[in-house]
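Chemist: One file: final-v4.json (JSON, C-alpha atoms and all ligand atoms).
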[["chain", "number", "residue", "atom", "x", "y", "z"],
["A", 1, "MET", "CA", 51.88, 112.53, 137.03],
["A", 2, "SER", "CA", 51.10, 116.29, 137.33],
["A", 3, "GLY", "CA", 51.74, 118.69, 140.19],
["A", 4, "ALA", "CA", 53.48, 121.94, 141.04],
["A", 5, "ILE", "CA", 56.70, 120.86, 139.39],
["A", 6, "GLY", "CA", 57.51, 117.66, 137.56],
["A", 7, "VAL", "CA", 60.36, 115.20, 138.03],
["A", 8, "LEU", "CA", 63.01, 114.29, 135.49],
["A", 9, "TYR", "CA", 63.80, 110.58, 135.89],
["A", 10, "VAL", "CA", 67.07, 109.31, 134.40],
["A", 11, "VAL", "CA", 66.27, 105.69, 133.68],
["A", 12, "ALA", "CA", 68.81, 102.98, 132.82],
["A", 13, "THR", "CA", 67.66, 100.42, 130.23],
["A", 14, "PRO", "CA", 69.13, 97.03, 129.18],
["A", 15, "ILE", "CA", 72.45, 96.77, 127.31],
["A", 16, "GLY", "CA", 71.26, 93.70, 125.42],
["A", 17, "ASN", "CA", 69.11, 91.46, 127.58],
["A", 18, "LEU", "CA", 65.58, 92.85, 127.81],
["A", 19, "GLU", "CA", 65.08, 91.13, 131.19],
["A", 20, "ASP", "CA", 67.51, 93.61, 132.72],
["A", 21, "LEU", "CA", 64.97, 96.45, 132.94],
["A", 22, "SER", "CA", 64.16, 96.90, 136.63],
["A", 23, "ALA", "CA", 60.63, 96.65, 137.98],
["A", 24, "ARG", "CA", 60.91, 100.26, 139.15],
["A", 25, "ALA", "CA", 62.01, 101.37, 135.69],
["A", 26, "VAL", "CA", 58.93, 99.68, 134.16],
["A", 27, "ARG", "CA", 56.65, 101.46, 136.64],
["A", 28, "ILE", "CA", 58.26, 104.89, 136.13],
["A", 29, "LEU", "CA", 58.25, 104.55, 132.34],
["A", 30, "SER", "CA", 54.54, 103.63, 132.48],
["A", 31, "GLU", "CA", 53.58, 106.45, 134.87],
["A", 32, "VAL", "CA", 55.44, 109.49, 133.49],
["A", 33, "ASP", "CA", 53.78, 111.94, 131.10],
["A", 34, "LEU", "CA", 56.53, 111.66, 128.52],
["A", 35, "ILE", "CA", 59.58, 109.55, 127.67],
["A", 36, "ALA", "CA", 62.54, 111.38, 126.13],
["A", 37, "ALA", "CA", 64.39, 108.70, 124.14],
["A", 38, "GLU", "CA", 67.61, 108.84, 122.12],
["A", 39, "ASP", "CA", 66.09, 106.88, 119.21],
["A", 40, "THR", "CA", 62.32, 106.53, 119.38],
["A", 41, "ARG", "CA", 62.24, 103.56, 116.96],
["A", 42, "HIS", "CA", 64.93, 101.69, 118.90],
["A", 43, "SER", "CA", 63.19, 102.25, 122.24],
["A", 44, "ALA", "CA", 59.80, 101.26, 120.77],
["A", 45, "LYS", "CA", 60.93, 97.60, 120.92],
["A", 46, "LEU", "CA", 61.68, 97.79, 124.64],
["A", 47, "LEU", "CA", 58.50, 99.74, 125.44],
["A", 48, "HIS", "CA", 56.39, 97.34, 123.37],
["A", 49, "HIS", "CA", 57.99, 94.34, 125.15],
["A", 50, "TYR", "CA", 56.81, 95.76, 128.50],
["A", 51, "GLY", "CA", 53.45, 97.04, 127.22],
["A", 52, "ILE", "CA", 54.40, 100.66, 128.01],
["A", 53, "ARG", "CA", 52.25, 103.13, 126.05],
["A", 54, "THR", "CA", 53.65, 106.46, 127.26],
["A", 55, "ALA", "CA", 54.23, 109.15, 124.60],
["A", 56, "VAL", "CA", 57.83, 109.35, 123.38],
["A", 57, "VAL", "CA", 59.87, 112.29, 122.02],
["A", 58, "SER", "CA", 63.39, 112.11, 120.67],
["A", 59, "VAL", "CA", 66.35, 113.68, 122.45],
["A", 60, "HIS", "CA", 69.61, 112.87, 120.73],
["A", 61, "GLU", "CA", 73.02, 114.49, 120.41],
["A", 62, "HIS", "CA", 71.89, 116.66, 117.45],
["A", 63, "ASN", "CA", 68.71, 118.12, 118.96],
["A", 64, "GLU", "CA", 69.36, 118.00, 122.71],
["A", 65, "ARG", "CA", 70.25, 121.69, 122.98],
["A", 66, "GLU", "CA", 66.97, 122.79, 121.34],
["A", 67, "GLN", "CA", 64.89, 120.12, 123.07],
["A", 68, "ALA", "CA", 66.19, 120.80, 126.60],
["A", 69, "PRO", "CA", 64.43, 124.20, 127.12],
["A", 70, "ARG", "CA", 61.13, 122.77, 125.76],
["A", 71, "LEU", "CA", 61.32, 119.82, 128.12],
["A", 72, "ILE", "CA", 62.24, 122.06, 131.07],
["A", 73, "GLU", "CA", 59.12, 124.13, 130.29],
["A", 74, "ARG", "CA", 56.99, 121.00, 130.48],
["A", 75, "LEU", "CA", 58.68, 119.89, 133.71],
["A", 76, "CYS", "CA", 58.06, 123.34, 135.22],
["A", 77, "ALA", "CA", 54.42, 123.00, 134.17],
["A", 78, "GLY", "CA", 54.17, 119.90, 136.35],
["A", 79, "LYS", "CA", 54.77, 117.14, 133.80],
["A", 80, "SER", "CA", 57.12, 114.28, 134.63],
["A", 81, "ILE", "CA", 59.60, 113.00, 132.08],
["A", 82, "ALA", "CA", 61.76, 109.87, 131.89],
["A", 83, "LEU", "CA", 65.03, 110.15, 129.99],
["A", 84, "ILE", "CA", 66.31, 106.95, 128.38],
["A", 85, "SER", "CA", 69.05, 106.18, 125.87],
["A", 86, "ASP", "CA", 69.40, 103.33, 123.37],
["A", 87, "ALA", "CA", 71.15, 101.16, 125.94],
["A", 88, "GLY", "CA", 72.38, 101.35, 129.51],
["A", 89, "THR", "CA", 72.63, 104.48, 131.61],
["A", 90, "PRO", "CA", 71.85, 107.81, 129.88],
["A", 91, "LEU", "CA", 74.69, 110.38, 129.83],
["A", 92, "LEU", "CA", 77.37, 107.65, 130.00],
["A", 93, "SER", "CA", 78.74, 108.12, 126.44],
["A", 94, "ASP", "CA", 75.11, 108.94, 125.62],
["A", 95, "PRO", "CA", 72.93, 112.09, 125.34],
["A", 96, "GLY", "CA", 71.27, 113.74, 128.33],
["A", 97, "PHE", "CA", 73.91, 115.93, 129.95],
["A", 98, "ASN", "CA", 72.43, 119.22, 128.68],
["A", 99, "LEU", "CA", 68.95, 118.24, 129.82],
["A", 100, "VAL", "CA", 70.07, 117.12, 133.28],
["A", 101, "ARG", "CA", 72.17, 120.24, 133.77],
["A", 102, "ALA", "CA", 69.31, 122.49, 132.64],
["A", 103, "ALA", "CA", 66.85, 120.68, 134.91],
["A", 104, "ARG", "CA", 69.10, 121.03, 137.94],
["A", 105, "ALA", "CA", 69.66, 124.71, 137.14],
["A", 106, "ALA", "CA", 65.87, 125.18, 137.03],
["A", 107, "ASP", "CA", 65.48, 123.40, 140.40],
["A", 108, "VAL", "CA", 63.60, 120.55, 138.78],
["A", 109, "PRO", "CA", 64.12, 117.35, 140.81],
["A", 110, "VAL", "CA", 66.31, 114.90, 138.87],
["A", 111, "VAL", "CA", 65.90, 111.34, 140.09],
["A", 112, "PRO", "CA", 68.06, 108.37, 139.04],
["A", 113, "VAL", "CA", 66.49, 105.01, 138.26],
["A", 114, "PRO", "CA", 69.72, 103.00, 138.16],
["A", 115, "GLY", "CA", 70.39, 99.85, 136.21],
["A", 116, "PRO", "CA", 72.65, 98.46, 133.47],
["A", 117, "CYS", "CA", 75.86, 100.19, 132.41],
["A", 118, "ALA", "CA", 78.34, 98.35, 130.17],
["A", 119, "ALA", "CA", 81.40, 99.86, 131.89],
["A", 120, "ILE", "CA", 80.30, 98.81, 135.37],
["A", 121, "ALA", "CA", 79.05, 95.39, 134.23],
["A", 122, "ALA", "CA", 82.43, 94.76, 132.56],
["A", 123, "LEU", "CA", 84.39, 96.00, 135.58],
["A", 124, "SER", "CA", 82.39, 93.78, 137.92],
["A", 125, "VAL", "CA", 83.47, 90.61, 136.09],
["A", 126, "SER", "CA", 86.92, 91.68, 134.85],
["A", 127, "GLY", "CA", 89.03, 90.49, 137.75],
["A", 128, "LEU", "CA", 90.93, 93.81, 137.48],
["A", 129, "PRO", "CA", 91.16, 96.05, 140.58],
["A", 130, "PRO", "CA", 87.67, 97.58, 140.85],
["A", 131, "ASP", "CA", 88.18, 99.83, 143.88],
["A", 132, "ARG", "CA", 89.59, 102.74, 141.87],
["A", 133, "PHE", "CA", 89.00, 103.18, 138.13],
["A", 134, "VAL", "CA", 88.77, 105.82, 135.42],
["A", 135, "PHE", "CA", 86.17, 105.80, 132.67],
["A", 136, "GLU", "CA", 87.55, 107.22, 129.42],
["A", 137, "GLY", "CA", 84.52, 106.59, 127.14],
["A", 138, "PHE", "CA", 85.28, 106.10, 123.42],
["A", 139, "PRO", "CA", 88.88, 106.69, 122.31],
["A", 140, "PRO", "CA", 89.23, 109.22, 119.45],
["A", 141, "PRO", "CA", 88.58, 107.67, 116.01],
["A", 142, "ARG", "CA", 91.90, 108.66, 114.39],
["A", 143, "SER", "CA", 95.10, 106.88, 115.35],
["A", 144, "ALA", "CA", 97.22, 109.97, 116.12],
["A", 145, "ALA", "CA", 94.63, 111.48, 118.47],
["A", 146, "ARG", "CA", 93.91, 108.06, 119.94],
["A", 147, "CYS", "CA", 97.57, 107.43, 120.75],
["A", 148, "ALA", "CA", 97.81, 110.89, 122.32],
["A", 149, "ALA", "CA", 94.76, 110.11, 124.47],
["A", 150, "PHE", "CA", 96.30, 106.79, 125.57],
["A", 151, "GLU", "CA", 99.61, 108.52, 126.24],
["A", 152, "ALA", "CA", 97.84, 110.90, 128.66],
["A", 153, "VAL", "CA", 96.79, 107.97, 130.90],
["A", 154, "ARG", "CA", 99.73, 105.60, 130.29],
["A", 155, "GLU", "CA", 101.02, 106.04, 133.85],
["A", 156, "GLU", "CA", 97.52, 106.01, 135.41],
["A", 157, "GLU", "CA", 97.54, 103.53, 138.30],
["A", 158, "ARG", "CA", 93.77, 102.99, 138.41],
["A", 159, "THR", "CA", 91.97, 100.52, 136.12],
["A", 160, "ILE", "CA", 91.17, 102.30, 132.83],
["A", 161, "ILE", "CA", 87.89, 101.61, 131.03],
["A", 162, "TYR", "CA", 87.18, 102.28, 127.33],
["A", 163, "TYR", "CA", 84.18, 101.76, 125.08],
["A", 164, "GLU", "CA", 84.86, 100.65, 121.52],
["A", 165, "SER", "CA", 82.85, 99.71, 118.45],
["A", 166, "SER", "CA", 83.29, 96.71, 116.15],
["A", 167, "HIS", "CA", 84.81, 98.69, 113.28],
["A", 168, "ARG", "CA", 87.58, 100.21, 115.40],
["A", 169, "ILE", "CA", 88.39, 97.49, 117.93],
["A", 170, "VAL", "CA", 91.35, 96.02, 115.99],
["A", 171, "ASP", "CA", 93.03, 99.39, 115.41],
["A", 172, "SER", "CA", 92.33, 100.55, 118.95],
["A", 173, "LEU", "CA", 93.87, 97.40, 120.47],
["A", 174, "ALA", "CA", 96.93, 97.87, 118.23],
["A", 175, "ASP", "CA", 97.37, 101.45, 119.48],
["A", 176, "MET", "CA", 96.76, 100.36, 123.09],
["A", 177, "ALA", "CA", 99.50, 97.72, 122.78],
["A", 178, "LYS", "CA", 101.80, 100.36, 121.28],
["A", 179, "VAL", "CA", 101.25, 102.97, 123.99],
["A", 180, "PHE", "CA", 100.51, 100.95, 127.16],
["A", 181, "GLY", "CA", 102.95, 98.22, 126.10],
["A", 182, "PRO", "CA", 102.10, 94.79, 124.62],
["A", 183, "GLU", "CA", 102.49, 93.09, 128.00],
["A", 184, "ARG", "CA", 99.97, 95.25, 129.91],
["A", 185, "PRO", "CA", 97.22, 93.02, 131.36],
["A", 186, "ALA", "CA", 93.74, 93.84, 130.08],
["A", 187, "VAL", "CA", 90.24, 92.46, 129.68],
["A", 188, "LEU", "CA", 87.98, 92.50, 126.64],
["A", 189, "ALA", "CA", 84.25, 92.31, 127.36],
["A", 190, "ARG", "CA", 82.17, 91.75, 124.22],
["A", 191, "GLU", "CA", 78.39, 91.59, 123.80],
["A", 192, "LEU", "CA", 77.63, 91.63, 127.53],
["A", 193, "THR", "CA", 74.28, 90.08, 128.47],
["A", 194, "LYS", "CA", 73.78, 88.91, 124.86],
["A", 195, "LYS", "CA", 74.03, 85.55, 123.07],
["A", 196, "PHE", "CA", 77.71, 85.92, 122.12],
["A", 197, "GLU", "CA", 78.90, 87.36, 125.42],
["A", 198, "THR", "CA", 82.69, 86.89, 125.69],
["A", 199, "ILE", "CA", 84.95, 88.05, 128.51],
["A", 200, "VAL", "CA", 88.65, 87.45, 127.92],
["A", 201, "SER", "CA", 91.65, 88.33, 130.08],
["A", 202, "GLY", "CA", 95.15, 88.58, 128.63],
["A", 203, "ARG", "CA", 98.07, 90.82, 127.66],
["A", 204, "LEU", "CA", 97.08, 93.53, 125.19],
["A", 205, "VAL", "CA", 99.08, 91.79, 122.45],
["A", 206, "GLU", "CA", 97.17, 88.53, 123.10],
["A", 207, "LEU", "CA", 93.78, 90.25, 123.06],
["A", 208, "ARG", "CA", 94.58, 91.88, 119.73],
["A", 209, "ALA", "CA", 95.71, 88.53, 118.28],
["A", 210, "ARG", "CA", 92.48, 86.91, 119.45],
["A", 211, "VAL", "CA", 90.28, 89.60, 117.92],
["A", 212, "LEU", "CA", 92.26, 89.35, 114.66],
["A", 213, "SER", "CA", 92.04, 85.55, 114.58],
["A", 214, "GLU", "CA", 88.34, 85.39, 113.61],
["A", 215, "ALA", "CA", 86.00, 87.88, 111.94],
["A", 216, "SER", "CA", 83.28, 86.90, 114.43],
["A", 217, "GLU", "CA", 85.51, 88.09, 117.32],
["A", 218, "GLN", "CA", 85.37, 91.61, 115.85],
["A", 219, "GLN", "CA", 81.59, 91.80, 115.87],
["A", 220, "GLY", "CA", 79.40, 93.45, 118.45],
["A", 221, "GLU", "CA", 80.03, 95.96, 121.21],
["A", 222, "PHE", "CA", 83.16, 96.10, 123.33],
["A", 223, "VAL", "CA", 84.43, 97.33, 126.65],
["A", 224, "VAL", "CA", 88.22, 97.28, 127.03],
["A", 225, "LEU", "CA", 89.59, 97.43, 130.56],
["A", 226, "ILE", "CA", 93.29, 98.04, 131.08],
["A", 227, "HIS", "CA", 95.18, 97.25, 134.26],
["A", 228, "GLY", "CA", 96.56, 100.44, 135.81],
["A", 229, "ALA", "CA", 100.30, 101.10, 135.58],
["A", 230, "ALA", "CA", 102.40, 99.32, 138.20],
["A", 231, "LYS", "CA", 103.18, 101.65, 141.07],
["A", 232, "THR", "CA", 106.86, 102.56, 141.03],
["A", 233, "THR", "CA", 108.37, 102.80, 144.46],
["A", 234, "ASP", "CA", 111.08, 105.29, 145.44],
["A", 235, "HIS", "CA", 113.46, 102.37, 145.71],
["A", 236, "GLU", "CA", 112.73, 101.29, 142.10],
["A", 237, "ASN", "CA", 113.15, 104.88, 140.89],
["A", 238, "LEU", "CA", 116.55, 105.12, 142.57],
["A", 239, "LYS", "CA", 117.57, 101.80, 141.03],
["A", 240, "THR", "CA", 116.53, 102.73, 137.48],
["A", 241, "ASP", "CA", 118.16, 106.17, 137.83],
["A", 242, "HIS", "CA", 121.39, 104.47, 138.88],
["A", 243, "VAL", "CA", 121.28, 102.04, 135.93],
["A", 244, "LEU", "CA", 120.52, 104.90, 133.52],
["A", 245, "ARG", "CA", 123.35, 107.07, 134.85],
["A", 246, "VAL", "CA", 125.91, 104.27, 134.37],
["A", 247, "LEU", "CA", 124.64, 103.54, 130.86],
["A", 248, "LEU", "CA", 124.41, 107.20, 129.81],
["A", 249, "ASP", "CA", 128.11, 107.54, 130.63],
["A", 250, "ALA", "CA", 128.90, 104.70, 128.25],
["A", 251, "VAL", "CA", 126.44, 104.69, 125.33],
["A", 252, "PRO", "CA", 124.07, 107.07, 123.45],
["A", 253, "LEU", "CA", 120.72, 107.89, 125.08],
["A", 254, "LYS", "CA", 118.54, 105.61, 122.92],
["A", 255, "GLU", "CA", 120.80, 102.63, 123.52],
["A", 256, "ALA", "CA", 120.95, 103.43, 127.25],
["A", 257, "VAL", "CA", 117.16, 103.37, 127.38],
["A", 258, "THR", "CA", 116.95, 100.04, 125.49],
["A", 259, "LEU", "CA", 119.52, 98.42, 127.76],
["A", 260, "ALA", "CA", 117.96, 99.88, 130.91],
["A", 261, "ALA", "CA", 114.56, 98.51, 129.85],
["A", 262, "ARG", "CA", 116.09, 95.04, 129.47],
["A", 263, "LEU", "CA", 117.97, 95.27, 132.76],
["A", 264, "THR", "CA", 115.20, 96.70, 134.94],
["A", 265, "GLY", "CA", 112.00, 95.62, 133.18],
["A", 266, "ALA", "CA", 110.74, 99.22, 133.50],
["A", 267, "GLN", "CA", 108.67, 100.77, 130.68],
["A", 268, "ARG", "CA", 110.73, 102.19, 127.79],
["A", 269, "ASN", "CA", 108.70, 105.40, 127.61],
["A", 270, "ARG", "CA", 109.20, 106.11, 131.30],
["A", 271, "LEU", "CA", 112.93, 105.36, 131.06],
["A", 272, "TYR", "CA", 113.21, 107.62, 128.03],
["A", 273, "ASP", "CA", 111.61, 110.55, 129.88],
["A", 274, "ARG", "CA", 113.83, 109.86, 132.89],
["A", 275, "ALA", "CA", 117.00, 109.64, 130.74],
["A", 276, "LEU", "CA", 116.19, 113.02, 129.17],
["A", 277, "ALA", "CA", 115.68, 114.51, 132.65],
["A", 278, "LEU", "CA", 118.97, 113.06, 133.93],
["A", 279, "LYS", "CA", 120.80, 114.40, 130.87],
["A", 280, "ALA", "CA", 119.27, 117.85, 131.40],
["A", 281, "GLU", "CA", 120.32, 117.75, 135.08],
["A", 282, "GLY", "CA", 123.87, 116.80, 133.95],
["A", 283, "ARG", "CA", 123.19, 113.44, 135.70],
["A", 301, "LIG", "N1", 75.11, 104.35, 128.05],
["A", 301, "LIG", "C1", 75.64, 103.06, 127.74],
["A", 301, "LIG", "C2", 76.09, 102.37, 129.03],
["A", 301, "LIG", "O1", 75.59, 102.71, 130.09],
["A", 301, "LIG", "O2", 76.89, 101.45, 128.98],
["A", 301, "LIG", "C3", 76.77, 103.15, 126.73],
["A", 301, "LIG", "C4", 76.36, 103.75, 125.42],
["A", 301, "LIG", "S1", 77.63, 103.91, 124.26],
["A", 301, "LIG", "C5", 76.86, 104.84, 122.99],
["A", 301, "LIG", "C6", 77.68, 102.35, 123.49],
["A", 301, "LIG", "C7", 78.97, 101.60, 123.82],
["A", 301, "LIG", "O3", 78.86, 101.00, 125.09],
["A", 301, "LIG", "C8", 79.28, 100.46, 122.85],
["A", 301, "LIG", "O4", 79.96, 100.90, 121.70],
["A", 301, "LIG", "C9", 80.15, 99.56, 123.70],
["A", 301, "LIG", "O5", 81.46, 100.07, 123.77],
["A", 301, "LIG", "C10", 79.48, 99.73, 125.08],
["A", 301, "LIG", "N2", 78.44, 98.73, 125.24],
["A", 301, "LIG", "C11", 77.11, 98.91, 125.23],
["A", 301, "LIG", "N3", 76.46, 97.73, 125.38],
["A", 301, "LIG", "C12", 77.42, 96.78, 125.47],
["A", 301, "LIG", "C13", 77.40, 95.38, 125.63],
["A", 301, "LIG", "N4", 76.25, 94.71, 125.70],
["A", 301, "LIG", "N5", 78.58, 94.72, 125.71],
["A", 301, "LIG", "C14", 79.74, 95.38, 125.64],
["A", 301, "LIG", "N6", 79.82, 96.71, 125.47],
["A", 301, "LIG", "C15", 78.68, 97.40, 125.38]]
Take the structure I supplied and represent it as structure tokens, if you would.
Modeler:
Amino acid sequence: MSGAIGVLYVVATPIGNLEDLSARAVRILSEVDLIAAEDTRHSAKLLHHYGIRTAVVSVHEHNEREQAPRLIERLCAGKSIALISDAGTPLLSDPGFNLVRAARAADVPVVPVPGPCAAIAALSVSGLPPDRFVFEGFPPPRSAARCAAFEAVREEERTIIYYESSHRIVDSLADMAKVFGPERPAVLARELTKKFETIVSGRLVELRARVLSEASEQQGEFVVLIHGAAKTTDHENLKTDHVLRVLLDAVPLKEAVTLAARLTGAQRNRLYDRALALKAEGR
């Protein structure tokens, strides 16, 4: 594939099941001049499986900035390149953003070759509202930062999607239950397209208990999908404000919030913020 200017193909690869590589992806990977892969040894298995002999260079998070200008030079010289990551769609919690941005800035055509993506595969089978969703990638590794990140989307009404690894899934689910509330409906999608594929729906507290119940439930790769926050209507807001006002006249703020949560079923955190606002307004 050589011409005036090359094409950068962004090619999705399987997230577990090798049969999920599209026929078009096989053709493009065989025809391009070069494959830019996140981990050349990892991708060698896939390429070998399909008998693809194209030359491969590595483009990962630590060398992408240096590699991008070199690859753009080759594209501008008429070579075509296919970007792949270890699994799924490149750029989605994977390297490639710098290269794609540089290619577009250099007017190099960037062509998607779509296919597997763990977030979308999980959403498609979750039974959670799929029409509007937010993809949050991996939560921060440390609990304080993680809780702060969850806090920022606690009231989000769209379905929220997270990636998580086996060594952090238990702690992440604990923090999710703490911030989103133990009763928030969610779905855990583990090892999609692989032998131990498991897709479980439940309250966050139930999902955590399940993952804790057996060491094998903590193994593999996870997508966690959280139901968006229930939409609060004006009527409900007026009702909770009324309940809070009455209680704030009678008991201290913390107790008012606890009682209001029991009476209305509204989220404690939201009631707490509202109680502070009502107090500041002089109710
Ligand atoms: N680019 C990939 C995609 O399109 O899905 C995601 C790459 S990211 C580095 C890897 C994370 O994706 C894993 O830690 C896990 O959260 C999720 N993931 C990848 N494959 C998965 C699978 N087969 N089942 C469940 N989650 C998976």
Chemist: Please extract the residues at most 7 Å from ligand LIG 301 (chain A), counting only C-alpha atoms and all ligand atoms, and provide them as number ranges by chain, using the chain letters and residue numbers of this document.
Modeler: A: 15-16, 85, 87-94, 116-119, 163-165, 189-194, 221-223
Chemist: Applying 12 Å and only C-alpha atoms, which residues near Glu31 in chain A remain after dropping the ones on its own chain fewer than 5 positions away? List them as a list in words.
Modeler: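 The residues satisfying every condition are Met1, Ser2, Val7, Tyr9, Arg24, Ala25, Val26, Ile52, Arg53, Thr54, Ala55, Lys79, Ser80, Ile81 and Ala82 of chain A.
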Chemist: Choose the residue, out of A:Pro139, A:Pro185, A:Pro112, A:Gly202, that has the smallest atom-to-atom separation from Thr13 in chain A; count all atoms listed in the file.
Modeler: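 Closest residue, counting all atoms listed in the file: A:Pro112.
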Chemist: I want to know what sits within 10 Å of range 232-239 of chain A, based on all atoms listed in the file, with residues of the same chain fewer than 3 positions away left out; could you give that as an mmCIF file with C-alpha atoms, in the coordinates of the input?
Modeler:
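Ended up saving to out.cif:
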data_model
loop_
_atom_site.group_PDB
_atom_site.id
_atom_site.type_symbol
_atom_site.label_atom_id
_atom_site.label_comp_id
_atom_site.auth_asym_id
_atom_site.auth_seq_id
_atom_site.Cartn_x
_atom_site.Cartn_y
_atom_site.Cartn_z
ATOM 1 C CA GLU A 155 101.020 106.040 133.850
ATOM 2 C CA GLU A 157 97.540 103.530 138.300
ATOM 3 C CA ALA A 229 100.300 101.100 135.580
ATOM 4 C CA HIS A 242 121.390 104.470 138.880
ATOM 5 C CA VAL A 243 121.280 102.040 135.930
ATOM 6 C CA LEU A 244 120.520 104.900 133.520
ATOM 7 C CA ARG A 245 123.350 107.070 134.850
ATOM 8 C CA THR A 264 115.200 96.700 134.940
ATOM 9 C CA ALA A 266 110.740 99.220 133.500
ATOM 10 C CA LEU A 271 112.930 105.360 131.060
ATOM 11 C CA ARG A 274 113.830 109.860 132.890
#
Chemist: Given only C-alpha atoms as the basis, pick out the residue of A:Leu83, A:Ala260, A:Val251, A:Val179 nearest to Ala144 in chain A.
Modeler: A:Val179
Chemist: Distance CA of Ala209 in chain A-CA of Gly181 in chain A, one decimal place?
Modeler: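 Taking CA of Ala209 in chain A as the start and CA of Gly181 in chain A as the end point, the length is 14.4 Å.
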Chemist: What is the distance, in Å and to one decimal place, between CA of Glu281 in chain A and CA of Lys254 in chain A?
Modeler: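 Between these atoms lies a distance of 17.3 Å.
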Chemist: Counting only C-alpha atoms, which of A:Ala256, A:Val125, A:Cys76, A:Val205 gets nearest to Glu183 in chain A?
Modeler: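 Smallest separation from Glu183 in chain A among the options: A:Val205.
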Chemist: Which residue out of A:Val224, A:Val200, A:Ala145, A:Leu276 has the minimum interatomic distance to Leu173 in chain A when only C-alpha atoms are used?
Modeler: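 Smallest distance to Leu173 in chain A is found for A:Val224.
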Chemist: So what do you get for CA of Val111 in chain A versus CA of Asn98 in chain A, distance-wise?
Modeler: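 Rounded to one decimal, the two atoms are 15.3 Å apart.
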Chemist: If we count all atoms listed in the file and set the cut-off at 10 Å, which residues sit around Leu212 in chain A, ignoring sequence neighbours fewer than 6 positions away in its own chain? Please answer as a list in words.
Modeler: Ile169, Val170, Glu206 and Gln218 of chain A
Chemist: Using the file's own x, y and z axes, so that the box edges lie along x, y and z, what centre and edge lengths in Å (one decimal) does a box around every listed atom of range 54-58 of chain A get when 5 Å is added on each side? Give it as AutoDock Vina command-line options.
Modeler:
--center_x 58.5 --center_y 109.4 --center_z 124.0 --size_x 19.7 --size_y 15.8 --size_z 16.6
Chemist: Have a look at A:Ala230, A:Leu99, A:Val134, A:Val246 and name the one nearest to Ile84 in chain A; count all atoms listed in the file.
Modeler: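 Of all the options, A:Leu99 lies closest to Ile84 in chain A.
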Chemist: Could you check the closest approach to Leu29 in chain A for each of A:Ala102, A:Ala44, A:Leu207, A:Val11 and tell me which residue wins, using only C-alpha atoms?
Modeler: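 Among A:Ala102, A:Ala44, A:Leu207, A:Val11, it is A:Val11 that comes nearest to Leu29 in chain A.
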Chemist: What's around Leu253 in chain A at 8 Å? Count all atoms listed in the file, leave out sequence neighbours fewer than 4 positions away in its own chain, and write the answer as a PDB file with C-alpha atoms, in the frame of the given file.
Modeler:
ATOM      1  CA  LEU A 248     124.410 107.200 129.810  1.00  0.00           C
ATOM      2  CA  VAL A 257     117.160 103.370 127.380  1.00  0.00           C
ATOM      3  CA  ALA A 275     117.000 109.640 130.740  1.00  0.00           C
ATOM      4  CA  LEU A 276     116.190 113.020 129.170  1.00  0.00           C
TER       5      LEU A 276
END
